[in-house]
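Shown next: coords-v6.csv, containing CSV, C-alpha atoms (C1' of nucleotides).
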chain,number,residue,atom,x,y,z
A,1,MET,CA,73.8,85.2,-119.2
A,2,ALA,CA,72.6,83.8,-115.9
A,3,GLY,CA,69.2,82.3,-115.0
A,4,ASN,CA,68.1,81.7,-118.6
A,5,THR,CA,65.6,79.1,-119.6
A,6,ALA,CA,66.6,76.5,-122.1
A,7,SER,CA,65.9,78.5,-125.2
A,8,LYS,CA,62.3,79.9,-124.9
A,9,GLY,CA,61.1,82.6,-122.7
A,10,ARG,CA,63.1,85.2,-120.7
A,11,PRO,CA,65.1,85.1,-117.5
A,12,ASP,CA,63.4,86.0,-114.3
A,13,LEU,CA,63.2,89.7,-113.6
A,14,ALA,CA,64.8,89.2,-110.2
A,15,ALA,CA,67.6,87.1,-111.8
A,16,MET,CA,68.4,90.0,-114.0
A,17,ILE,CA,67.7,92.9,-111.7
A,18,VAL,CA,69.5,91.7,-108.5
A,19,PRO,CA,72.9,91.1,-110.1
A,20,LEU,CA,72.5,94.4,-112.0
A,21,GLY,CA,71.9,96.2,-108.7
A,22,ARG,CA,74.9,94.5,-107.2
A,23,ALA,CA,77.1,95.7,-110.1
A,24,LEU,CA,75.7,99.3,-109.9
A,25,VAL,CA,76.4,99.4,-106.1
A,26,ALA,CA,79.9,98.1,-106.7
A,27,ALA,CA,80.4,100.9,-109.2
A,28,GLU,CA,79.2,103.5,-106.6
A,29,LEU,CA,81.4,102.3,-103.8
A,30,PRO,CA,84.7,103.9,-105.0
A,31,VAL,CA,82.9,107.2,-105.6
A,32,LEU,CA,81.3,107.1,-102.2
A,33,ARG,CA,84.5,106.2,-100.4
A,34,ARG,CA,86.3,109.0,-102.1
A,35,HIS,CA,83.9,111.3,-100.3
A,36,GLY,CA,83.9,109.5,-97.0
A,37,LEU,CA,80.4,108.2,-97.4
A,38,ALA,CA,79.1,104.7,-96.7
A,39,MET,CA,76.2,103.3,-98.7
A,40,TRP,CA,73.6,103.9,-96.0
A,41,ALA,CA,75.0,107.4,-95.4
A,42,TYR,CA,74.4,108.2,-99.0
A,43,ALA,CA,71.0,106.7,-98.9
A,44,VAL,CA,70.2,109.0,-96.0
A,45,LEU,CA,71.5,112.1,-97.8
A,46,LEU,CA,69.3,111.2,-100.8
A,47,ARG,CA,66.2,110.8,-98.8
A,48,LEU,CA,66.7,114.0,-96.7
A,49,ASP,CA,65.3,116.4,-99.2
A,50,ASP,CA,63.8,119.8,-98.7
A,51,PRO,CA,60.8,118.7,-96.6
A,52,PRO,CA,62.4,117.6,-93.4
A,53,VAL,CA,61.7,114.0,-92.4
A,54,ARG,CA,59.6,113.7,-89.2
A,55,THR,CA,61.1,110.8,-87.5
A,56,GLN,CA,64.2,108.6,-87.8
A,57,ALA,CA,62.0,105.5,-87.9
A,58,ALA,CA,60.2,106.9,-91.0
A,59,LEU,CA,63.5,107.6,-92.6
A,60,ALA,CA,64.7,104.1,-92.0
A,61,ARG,CA,61.6,102.6,-93.4
A,62,ASP,CA,61.8,104.8,-96.5
A,63,ILE,CA,65.3,103.7,-97.3
A,64,GLY,CA,64.7,100.0,-96.5
A,65,ALA,CA,66.7,99.9,-93.3
A,66,ASP,CA,66.2,99.2,-89.7
A,67,LYS,CA,65.7,102.1,-87.3
A,68,THR,CA,68.4,100.7,-85.0
A,69,ARG,CA,70.9,100.5,-87.9
A,70,ILE,CA,70.9,104.1,-89.1
A,71,ILE,CA,71.6,105.6,-85.7
A,72,GLY,CA,75.3,105.4,-86.0
A,73,VAL,CA,75.0,106.7,-89.6
A,74,LEU,CA,73.1,109.7,-88.4
A,75,ASP,CA,75.5,110.3,-85.5
A,76,ASP,CA,78.4,110.4,-88.0
A,77,LEU,CA,76.6,112.7,-90.5
A,78,GLU,CA,75.6,115.1,-87.7
A,79,GLU,CA,79.1,115.3,-86.3
A,80,ARG,CA,80.4,116.1,-89.8
A,81,GLY,CA,77.8,118.9,-90.1
A,82,LEU,CA,76.0,117.3,-93.0
A,83,ILE,CA,72.6,116.8,-91.4
A,84,ARG,CA,70.7,118.4,-88.5
A,85,ARG,CA,68.8,116.6,-85.9
A,86,GLN,CA,66.4,119.0,-84.2
A,87,PRO,CA,64.0,118.0,-81.5
A,88,ASP,CA,60.4,118.4,-82.7
A,89,PRO,CA,58.7,121.1,-80.5
A,90,ALA,CA,55.4,119.4,-81.1
A,91,ASP,CA,56.6,116.0,-79.9
A,92,ARG,CA,59.8,116.0,-78.0
A,93,ARG,CA,60.4,112.3,-78.5
A,94,ALA,CA,60.9,112.9,-82.2
A,95,ARG,CA,63.8,114.5,-84.1
A,96,LEU,CA,63.3,116.5,-87.2
A,97,LEU,CA,65.9,115.6,-89.8
A,98,SER,CA,67.2,117.9,-92.5
A,99,LEU,CA,70.2,118.5,-94.7
A,100,THR,CA,72.6,121.3,-93.9
A,101,PRO,CA,73.9,123.3,-96.9
A,102,ALA,CA,77.1,121.4,-96.7
A,103,GLY,CA,75.1,118.1,-96.7
A,104,ARG,CA,73.2,119.2,-99.8
A,105,GLN,CA,76.3,120.2,-101.6
A,106,LEU,CA,78.0,116.9,-100.9
A,107,ARG,CA,75.0,115.0,-101.9
A,108,ASP,CA,74.8,116.9,-105.2
A,109,THR,CA,78.4,116.4,-105.9
A,110,VAL,CA,78.4,112.7,-105.2
A,111,GLN,CA,75.1,112.2,-107.1
A,112,ALA,CA,76.5,114.0,-110.1
A,113,ALA,CA,79.5,111.7,-110.2
A,114,ILE,CA,77.4,108.6,-109.8
A,115,GLN,CA,74.9,109.6,-112.4
A,116,GLN,CA,77.7,110.5,-114.8
A,117,ARG,CA,78.9,106.9,-114.7
A,118,GLU,CA,75.4,105.6,-115.0
A,119,GLU,CA,74.8,107.7,-118.1
A,120,ARG,CA,77.8,106.1,-119.8
A,121,LEU,CA,76.2,102.7,-119.1
A,122,LEU,CA,72.8,103.9,-120.5
A,123,ALA,CA,74.5,105.2,-123.6
A,124,ARG,CA,75.1,101.6,-124.7
A,125,LEU,CA,71.3,101.1,-125.1
A,126,PRO,CA,69.3,102.0,-128.2
A,127,GLU,CA,67.5,105.3,-127.6
A,128,GLU,CA,64.0,103.8,-127.4
A,129,ASP,CA,65.0,101.0,-125.1
A,130,ARG,CA,66.7,103.5,-122.8
A,131,ARG,CA,63.6,105.7,-122.7
A,132,GLY,CA,61.3,102.7,-121.9
A,133,PHE,CA,63.8,101.4,-119.4
A,134,LEU,CA,63.9,104.6,-117.4
A,135,ASN,CA,60.1,105.2,-117.7
A,136,ALA,CA,59.4,101.7,-116.4
A,137,LEU,CA,62.0,101.8,-113.7
A,138,GLN,CA,60.7,105.1,-112.3
A,139,ALA,CA,57.1,103.7,-112.4
A,140,LEU,CA,58.1,100.5,-110.6
A,141,ALA,CA,60.3,102.4,-108.1
A,142,ALA,CA,57.3,104.6,-107.2
A,143,LEU,CA,55.2,101.6,-106.3
A,144,PRO,CA,55.1,100.6,-102.6
A,145,PRO,CA,57.1,97.4,-102.1
A,146,SER,CA,54.0,95.6,-100.9
A,147,GLU,CA,52.4,96.1,-104.3
A,148,ILE,CA,55.4,94.5,-106.0
A,149,SER,CA,55.7,91.6,-103.5
A,150,GLY,CA,52.0,91.1,-104.3
A,151,ALA,CA,50.5,91.6,-100.8
B,1,MET,CA,59.6,107.9,-104.4
B,2,ALA,CA,62.9,107.5,-102.7
B,3,GLY,CA,66.2,109.1,-103.6
B,4,ASN,CA,64.9,111.8,-105.8
B,5,THR,CA,66.6,115.1,-106.5
B,6,ALA,CA,64.8,118.3,-105.5
B,7,SER,CA,62.8,118.5,-108.7
B,8,LYS,CA,65.1,118.2,-111.7
B,9,GLY,CA,66.8,115.0,-112.9
B,10,ARG,CA,66.1,111.4,-112.1
B,11,PRO,CA,66.8,109.2,-109.2
B,12,ASP,CA,70.0,107.1,-109.3
B,13,LEU,CA,69.7,103.9,-111.1
B,14,ALA,CA,70.9,101.9,-108.1
B,15,ALA,CA,68.4,103.7,-105.9
B,16,MET,CA,65.6,102.4,-108.0
B,17,ILE,CA,67.0,99.0,-109.0
B,18,VAL,CA,68.1,97.8,-105.6
B,19,PRO,CA,64.8,98.3,-103.8
B,20,LEU,CA,63.0,96.9,-106.8
B,21,GLY,CA,65.2,93.8,-106.6
B,22,ARG,CA,64.5,93.4,-102.9
B,23,ALA,CA,60.8,93.6,-103.5
B,24,LEU,CA,61.0,91.0,-106.4
B,25,VAL,CA,63.0,88.7,-104.2
B,26,ALA,CA,60.4,89.1,-101.4
B,27,ALA,CA,57.7,88.2,-103.9
B,28,GLU,CA,59.6,85.0,-104.8
B,29,LEU,CA,60.3,83.8,-101.3
B,30,PRO,CA,56.8,82.4,-100.6
B,31,VAL,CA,56.8,80.6,-103.9
B,32,LEU,CA,60.2,79.1,-103.3
B,33,ARG,CA,59.4,78.0,-99.7
B,34,ARG,CA,56.2,76.3,-101.0
B,35,HIS,CA,58.6,74.1,-103.0
B,36,GLY,CA,61.2,73.7,-100.3
B,37,LEU,CA,63.8,75.8,-102.1
B,38,ALA,CA,66.0,78.5,-100.7
B,39,MET,CA,67.1,81.4,-102.9
B,40,TRP,CA,70.5,80.1,-103.6
B,41,ALA,CA,69.1,76.7,-104.4
B,42,TYR,CA,66.8,78.2,-107.0
B,43,ALA,CA,69.7,80.2,-108.4
B,44,VAL,CA,71.6,76.9,-108.8
B,45,LEU,CA,68.7,75.2,-110.5
B,46,LEU,CA,68.4,78.2,-112.9
B,47,ARG,CA,72.1,78.1,-113.8
B,48,LEU,CA,72.3,74.3,-114.3
B,49,ASP,CA,70.9,74.1,-117.7
B,50,ASP,CA,71.5,71.5,-120.4
B,51,PRO,CA,75.2,71.9,-120.8
B,52,PRO,CA,76.6,70.6,-117.5
B,53,VAL,CA,78.7,73.0,-115.5
B,54,ARG,CA,82.3,71.9,-115.2
B,55,THR,CA,83.2,73.0,-111.7
B,56,GLN,CA,81.4,74.1,-108.6
B,57,ALA,CA,83.6,77.2,-108.4
B,58,ALA,CA,82.5,78.3,-111.9
B,59,LEU,CA,78.9,77.8,-110.9
B,60,ALA,CA,79.4,79.9,-107.7
B,61,ARG,CA,81.0,82.7,-109.7
B,62,ASP,CA,78.2,82.6,-112.3
B,63,ILE,CA,75.5,83.1,-109.7
B,64,GLY,CA,77.4,85.7,-107.7
B,65,ALA,CA,78.2,83.4,-104.7
B,66,ASP,CA,81.2,82.1,-102.9
B,67,LYS,CA,82.4,78.6,-103.7
B,68,THR,CA,82.3,77.7,-100.0
B,69,ARG,CA,78.8,78.8,-99.7
B,70,ILE,CA,77.1,76.7,-102.2
B,71,ILE,CA,78.5,73.4,-101.0
B,72,GLY,CA,75.7,72.9,-98.5
B,73,VAL,CA,73.2,73.9,-101.1
B,74,LEU,CA,74.6,71.3,-103.5
B,75,ASP,CA,74.6,68.7,-100.8
B,76,ASP,CA,70.9,69.3,-100.2
B,77,LEU,CA,69.9,69.4,-103.9
B,78,GLU,CA,71.8,66.2,-104.5
B,79,GLU,CA,70.3,64.3,-101.6
B,80,ARG,CA,66.9,65.3,-102.9
B,81,GLY,CA,67.7,64.0,-106.3
B,82,LEU,CA,67.4,67.3,-108.0
B,83,ILE,CA,71.0,67.5,-109.3
B,84,ARG,CA,73.8,65.1,-110.1
B,85,ARG,CA,77.4,65.6,-109.0
B,86,GLN,CA,79.6,63.3,-111.2
B,87,PRO,CA,83.3,63.2,-110.9
B,88,ASP,CA,84.9,64.4,-114.1
B,89,PRO,CA,86.8,61.5,-115.8
B,90,ALA,CA,89.2,64.0,-117.4
B,91,ASP,CA,90.0,65.8,-114.1
B,92,ARG,CA,89.2,63.8,-111.0
B,93,ARG,CA,89.3,67.0,-108.8
B,94,ALA,CA,86.3,68.4,-110.5
B,95,ARG,CA,82.6,67.5,-110.3
B,96,LEU,CA,80.4,67.8,-113.3
B,97,LEU,CA,77.1,69.3,-112.3
B,98,SER,CA,73.8,68.7,-114.0
B,99,LEU,CA,70.1,68.7,-113.4
B,100,THR,CA,68.2,65.5,-113.0
B,101,PRO,CA,64.8,65.2,-114.7
B,102,ALA,CA,63.2,65.9,-111.3
B,103,GLY,CA,65.3,68.9,-110.9
B,104,ARG,CA,64.4,70.3,-114.3
B,105,GLN,CA,60.7,69.7,-113.7
B,106,LEU,CA,60.8,71.5,-110.3
B,107,ARG,CA,62.8,74.3,-111.8
B,108,ASP,CA,60.2,74.8,-114.6
B,109,THR,CA,57.3,74.6,-112.2
B,110,VAL,CA,58.8,77.2,-109.9
B,111,GLN,CA,59.9,79.4,-112.6
B,112,ALA,CA,56.5,79.4,-114.2
B,113,ALA,CA,54.9,80.4,-111.0
B,114,ILE,CA,57.4,83.2,-110.4
B,115,GLN,CA,57.2,84.6,-113.9
B,116,GLN,CA,53.4,84.5,-113.7
B,117,ARG,CA,53.6,86.9,-110.8
B,118,GLU,CA,56.1,89.0,-112.7
B,119,GLU,CA,53.9,89.3,-115.7
B,120,ARG,CA,51.1,90.7,-113.5
B,121,LEU,CA,53.5,93.4,-112.5
B,122,LEU,CA,54.7,94.1,-116.0
B,123,ALA,CA,51.1,94.4,-117.2
B,124,ARG,CA,50.9,97.7,-115.3
B,125,LEU,CA,53.4,99.2,-117.7
B,126,PRO,CA,52.5,100.8,-121.1
B,127,GLU,CA,53.3,98.4,-123.9
B,128,GLU,CA,56.3,100.4,-125.3
B,129,ASP,CA,57.9,100.9,-121.9
B,130,ARG,CA,57.5,97.3,-121.1
B,131,ARG,CA,59.2,96.3,-124.3
B,132,GLY,CA,62.1,98.7,-123.8
B,133,PHE,CA,62.4,97.7,-120.1
B,134,LEU,CA,62.8,94.1,-121.0
B,135,ASN,CA,65.1,94.7,-123.9
B,136,ALA,CA,67.4,97.0,-121.8
B,137,LEU,CA,67.3,94.6,-118.8
B,138,GLN,CA,68.4,91.6,-120.9
B,139,ALA,CA,71.1,93.7,-122.6
B,140,LEU,CA,72.5,94.9,-119.2
B,141,ALA,CA,72.2,91.5,-117.6
B,142,ALA,CA,74.2,90.0,-120.4
B,143,LEU,CA,77.2,92.3,-119.6
B,144,PRO,CA,79.9,91.1,-117.4
B,145,PRO,CA,79.6,92.8,-114.0
B,146,SER,CA,83.0,94.4,-114.4
B,147,GLU,CA,81.8,96.3,-117.4
B,148,ILE,CA,79.0,97.8,-115.3
B,149,SER,CA,81.2,98.5,-112.3
B,150,GLY,CA,83.4,100.3,-114.9
B,151,ALA,CA,86.6,98.3,-114.4
C,1,DT,C1',103.3,74.9,-107.6
C,2,DA,C1',98.5,75.4,-108.7
C,3,DT,C1',93.6,74.1,-108.5
C,4,DT,C1',89.1,71.5,-106.8
C,5,DG,C1',86.3,70.6,-103.3
C,6,DT,C1',85.9,70.8,-98.4
C,7,DT,C1',85.9,72.2,-93.5
C,8,DA,C1',86.5,75.4,-89.8
C,9,DT,C1',87.0,80.0,-88.4
C,10,DA,C1',86.3,84.9,-88.2
C,11,DC,C1',84.0,88.7,-89.6
C,12,DT,C1',80.2,91.7,-91.2
C,13,DC,C1',75.7,92.8,-91.5
C,14,DT,C1',71.2,92.7,-89.8
C,15,DA,C1',67.4,91.8,-86.7
C,16,DT,C1',65.6,91.2,-81.8
C,17,DA,C1',65.0,92.6,-77.1
C,18,DA,C1',65.4,95.7,-73.5
C,19,DC,C1',65.8,100.5,-71.6
C,20,DT,C1',64.7,105.9,-71.3
C,21,DA,C1',62.0,109.6,-72.2
C,22,DT,C1',58.1,111.3,-73.7
C,23,DA,C1',53.1,111.1,-75.0
D,1,DT,C1',49.5,101.9,-73.0
D,2,DA,C1',52.0,103.2,-76.8
D,3,DT,C1',55.8,105.4,-79.4
D,4,DA,C1',60.7,107.7,-80.7
D,5,DG,C1',65.2,107.0,-80.0
D,6,DT,C1',68.9,104.5,-78.1
D,7,DT,C1',71.9,100.6,-76.6
D,8,DA,C1',73.3,95.8,-76.1
D,9,DT,C1',72.9,91.3,-77.6
D,10,DA,C1',72.1,87.5,-80.6
D,11,DG,C1',71.6,85.6,-85.0
D,12,DA,C1',72.1,85.1,-90.1
D,13,DG,C1',74.8,85.7,-93.8
D,14,DT,C1',79.3,86.1,-95.8
D,15,DA,C1',84.2,85.9,-96.5
D,16,DT,C1',88.9,84.2,-95.1
D,17,DA,C1',92.2,80.6,-94.1
D,18,DA,C1',93.7,76.1,-93.9
D,19,DC,C1',93.4,71.2,-95.4
D,20,DA,C1',93.4,66.8,-98.5
D,21,DA,C1',93.3,65.2,-103.2
D,22,DT,C1',94.6,65.7,-107.8
D,23,DA,C1',96.9,67.9,-111.5

Translate this file's structure into structure tokens.
Amino acid sequence: MAGNTASKGRPDLAAMIVPLGRALVAAELPVLRRHGLAMWAYAVLLRLDDPPVRTQAALARDIGADKTRIIGVLDDLEERGLIRRQPDPADRRARLLSLTPAGRQLRDTVQAAIQQREERLLARLPEEDRRGFLNALQALAALPPSEISGA
Amino acid sequence: MAGNTASKGRPDLAAMIVPLGRALVAAELPVLRRHGLAMWAYAVLLRLDDPPVRTQAALARDIGADKTRIIGVLDDLEERGLIRRQPDPADRRARLLSLTPAGRQLRDTVQAAIQQREERLLARLPEEDRRGFLNALQALAALPPSEISGA
DNA sequence: TATTGTTATACTCTATAACTATA
DNA sequence: TATAGTTATAGAGTATAACAATA
């Protein structure tokens, strides 16, 4: 019940969404730690899907991080055999990033556990609200951030 | 389009909500700066509604901040005549916090500008998704964070 | 002894700048 | 000259610890 107007109107979207995001992240952390993953490491595993990412900078941008910040994360994931960093034959400056089978398996395991918790939360919502919520969320998440920030 | 599974399933809620929250905050910042407000200052103005808050610590907890962190924020808001900090006669340790008329007016002005931008974003959604989205969001935002984190 | 508000300190996270190797 | 990746440094944000006043 934070950030509400006196009695009319609705709370700001951000005032509802940001705390909700914080709580969801807090819910994920124990699951991630159980699998030895930090939040950024999990974000990397999520992003590194079948089509290999072309550069580390692009990966960083996609997950909302800084290119300098994910280097340690990538080092760790590579050492643990969860991702591959192959030099791009076409441009030897770049590193092609991809999941190893072990990385994909870990990602699927962790994601299943996380989404299972999320489903318990969603189950509290009326069916039609839940459907609209997920539809809207996926639509908004698909927008480039600049469109939301109102470039 | 971040954090999606290969083809089946949906992205994690957190993977959609957190970036969305970041983008919404980024959209607010120019509006806030135009009115000389930092993000935490705005959060304080939002929380300080008609029933005065009993302690600074409670206020901090409500807006997801640390009690030590909002002190400077409160100092600034008080100096600018936007809030009052009155010693509680019943417990002279505590300070009763409330909005001044100027504070309420600024809050309303800023909130109107922010929600106007948000409405433009929501207008992109189909009517039924938008309704479900807002219903679900308000329901989830009303839950105590511990219920979401799955205490 | 516990709590409110405060200050000072330490720590984490994040961004900036500078370097290398390729192009 | 520009870019990918890397490293080192500096800055912002945040939490922790310690204090005085009151209960």

Please measure the separation of atom CA of A:Gly72 and atom CA of A:Ile114, giving the value in Å to one decimal. 24.1 Å

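Environment of (73.7, 96.5, -73.7): residues at most 10 Å away, judged by only C-alpha atoms (C1' of nucleotides), are DA18 and DC19 of chain C; DT7, DA8 and DT9 of chain D.
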
Mind dumping the selected residues with C-alpha atoms (C1' of nucleotides) as a compact mmCIF listing (two decimals), keeping the file's coordinate frame?
# COMPACT_ATOMS: atom_id res chain seq x y z
C1' DA C 18 65.40 95.70 -73.50
C1' DC C 19 65.80 100.50 -71.60
C1' DT D 7 71.90 100.60 -76.60
C1' DA D 8 73.30 95.80 -76.10
C1' DT D 9 72.90 91.30 -77.60

For chain D against chain B, with a cut-off of 8 Å and counting only C-alpha atoms (C1' of nucleotides), what is the closest atom pair and its distance in Å to one decimal for every residue that makes the cut, ordered by chain and number, as CSV?
residue,atom,partner,partner_atom,distance
D:DA21,C1',B:Arg93,CA,7.1
D:DT22,C1',B:Arg93,CA,5.5
D:DA23,C1',B:Asp91,CA,7.7

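Atom pair atom C1' of C:DA2 / atom CA of B:Ser146: separated by 25.2 Å.
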
Specify as a PDB file with C-alpha atoms (C1' of nucleotides), in the frame of the given file all residues of chain C found within 12 Å of chain A, counting all atoms listed in the file.
ATOM      1  C1'  DC C  13      75.700  92.800 -91.500  1.00  0.00           C
ATOM      2  C1'  DT C  14      71.200  92.700 -89.800  1.00  0.00           C
ATOM      3  C1'  DA C  15      67.400  91.800 -86.700  1.00  0.00           C
ATOM      4  C1'  DT C  16      65.600  91.200 -81.800  1.00  0.00           C
ATOM      5  C1'  DA C  17      65.000  92.600 -77.100  1.00  0.00           C
ATOM      6  C1'  DT C  20      64.700 105.900 -71.300  1.00  0.00           C
ATOM      7  C1'  DA C  21      62.000 109.600 -72.200  1.00  0.00           C
ATOM      8  C1'  DT C  22      58.100 111.300 -73.700  1.00  0.00           C
ATOM      9  C1'  DA C  23      53.100 111.100 -75.000  1.00  0.00           C
TER      10       DA C  23
END

For chain A versus chain B, which residues have an atom no more than 7 Å away, and what is each residue's nearest atom pair and distance in Å rounded to one decimal, using all atoms listed in the file, chain-then-number order, as a tab-separated table?
residue	atom	partner	partner_atom	distance
A:Met1	CA	B:Ala142	CA	5.0
A:Ala2	CA	B:Arg47	CA	6.1
A:Gly3	CA	B:Leu46	CA	4.7
A:Asn4	CA	B:Leu46	CA	6.7
A:Ala6	CA	B:Asp49	CA	6.6
A:Asp12	CA	B:Gln115	CA	6.4
A:Ala14	CA	B:Leu24	CA	5.7
A:Met16	CA	B:Ala141	CA	5.4
A:Ile17	CA	B:Gly21	CA	5.8
A:Val18	CA	B:Gly21	CA	5.1
A:Leu20	CA	B:Ala141	CA	6.3
A:Gly21	CA	B:Val18	CA	5.2
A:Ala23	CA	B:Ser149	CA	5.4
A:Leu24	CA	B:Ala14	CA	5.7
A:Val25	CA	B:Ala14	CA	6.4
A:Ala26	CA	B:Ser149	CA	5.8
A:Ala27	CA	B:Ser149	CA	4.0
A:Leu46	CA	B:Gly3	CA	4.7
A:Arg47	CA	B:Gly3	CA	5.1
A:Asp49	CA	B:Ala6	CA	6.6
A:Asp62	CA	B:Ala2	CA	6.9
A:Gln115	CA	B:Asp12	CA	6.3
A:Leu121	CA	B:Ile148	CA	6.8
A:Leu125	CA	B:Ala136	CA	6.6
A:Glu128	CA	B:Gly132	CA	6.5
A:Asp129	CA	B:Gly132	CA	3.9
A:Arg130	CA	B:Ala136	CA	6.6
A:Gly132	CA	B:Asp129	CA	3.8
A:Phe133	CA	B:Phe133	CA	4.0
A:Asn135	CA	B:Asp129	CA	6.4
A:Ala136	CA	B:Asp129	CA	5.8
A:Leu137	CA	B:Met16	CA	6.8
A:Ala141	CA	B:Met16	CA	5.3
A:Ala142	CA	B:Met1	CA	4.9
A:Pro145	CA	B:Ala23	CA	5.5
A:Ile148	CA	B:Ala23	CA	6.0
A:Ser149	CA	B:Ala27	CA	4.0
A:Gly150	CA	B:Ala27	CA	6.4

Output C-alpha atoms for every residue in that selection, as a PDB file, keeping the file's coordinate frame.
ATOM      1  CA  MET A   1      73.800  85.200-119.200  1.00  0.00           C
ATOM      2  CA  ALA A   2      72.600  83.800-115.900  1.00  0.00           C
ATOM      3  CA  GLY A   3      69.200  82.300-115.000  1.00  0.00           C
ATOM      4  CA  ASN A   4      68.100  81.700-118.600  1.00  0.00           C
ATOM      5  CA  ALA A   6      66.600  76.500-122.100  1.00  0.00           C
ATOM      6  CA  ASP A  12      63.400  86.000-114.300  1.00  0.00           C
ATOM      7  CA  ALA A  14      64.800  89.200-110.200  1.00  0.00           C
ATOM      8  CA  MET A  16      68.400  90.000-114.000  1.00  0.00           C
ATOM      9  CA  ILE A  17      67.700  92.900-111.700  1.00  0.00           C
ATOM     10  CA  VAL A  18      69.500  91.700-108.500  1.00  0.00           C
ATOM     11  CA  LEU A  20      72.500  94.400-112.000  1.00  0.00           C
ATOM     12  CA  GLY A  21      71.900  96.200-108.700  1.00  0.00           C
ATOM     13  CA  ALA A  23      77.100  95.700-110.100  1.00  0.00           C
ATOM     14  CA  LEU A  24      75.700  99.300-109.900  1.00  0.00           C
ATOM     15  CA  VAL A  25      76.400  99.400-106.100  1.00  0.00           C
ATOM     16  CA  ALA A  26      79.900  98.100-106.700  1.00  0.00           C
ATOM     17  CA  ALA A  27      80.400 100.900-109.200  1.00  0.00           C
ATOM     18  CA  LEU A  46      69.300 111.200-100.800  1.00  0.00           C
ATOM     19  CA  ARG A  47      66.200 110.800 -98.800  1.00  0.00           C
ATOM     20  CA  ASP A  49      65.300 116.400 -99.200  1.00  0.00           C
ATOM     21  CA  ASP A  62      61.800 104.800 -96.500  1.00  0.00           C
ATOM     22  CA  GLN A 115      74.900 109.600-112.400  1.00  0.00           C
ATOM     23  CA  LEU A 121      76.200 102.700-119.100  1.00  0.00           C
ATOM     24  CA  LEU A 125      71.300 101.100-125.100  1.00  0.00           C
ATOM     25  CA  GLU A 128      64.000 103.800-127.400  1.00  0.00           C
ATOM     26  CA  ASP A 129      65.000 101.000-125.100  1.00  0.00           C
ATOM     27  CA  ARG A 130      66.700 103.500-122.800  1.00  0.00           C
ATOM     28  CA  GLY A 132      61.300 102.700-121.900  1.00  0.00           C
ATOM     29  CA  PHE A 133      63.800 101.400-119.400  1.00  0.00           C
ATOM     30  CA  ASN A 135      60.100 105.200-117.700  1.00  0.00           C
ATOM     31  CA  ALA A 136      59.400 101.700-116.400  1.00  0.00           C
ATOM     32  CA  LEU A 137      62.000 101.800-113.700  1.00  0.00           C
ATOM     33  CA  ALA A 141      60.300 102.400-108.100  1.00  0.00           C
ATOM     34  CA  ALA A 142      57.300 104.600-107.200  1.00  0.00           C
ATOM     35  CA  PRO A 145      57.100  97.400-102.100  1.00  0.00           C
ATOM     36  CA  ILE A 148      55.400  94.500-106.000  1.00  0.00           C
ATOM     37  CA  SER A 149      55.700  91.600-103.500  1.00  0.00           C
ATOM     38  CA  GLY A 150      52.000  91.100-104.300  1.00  0.00           C
TER      39      GLY A 150
END

As a check of understanding: the span from atom CA of A:His35 to atom CA of A:Ala113 is 10.8 Å
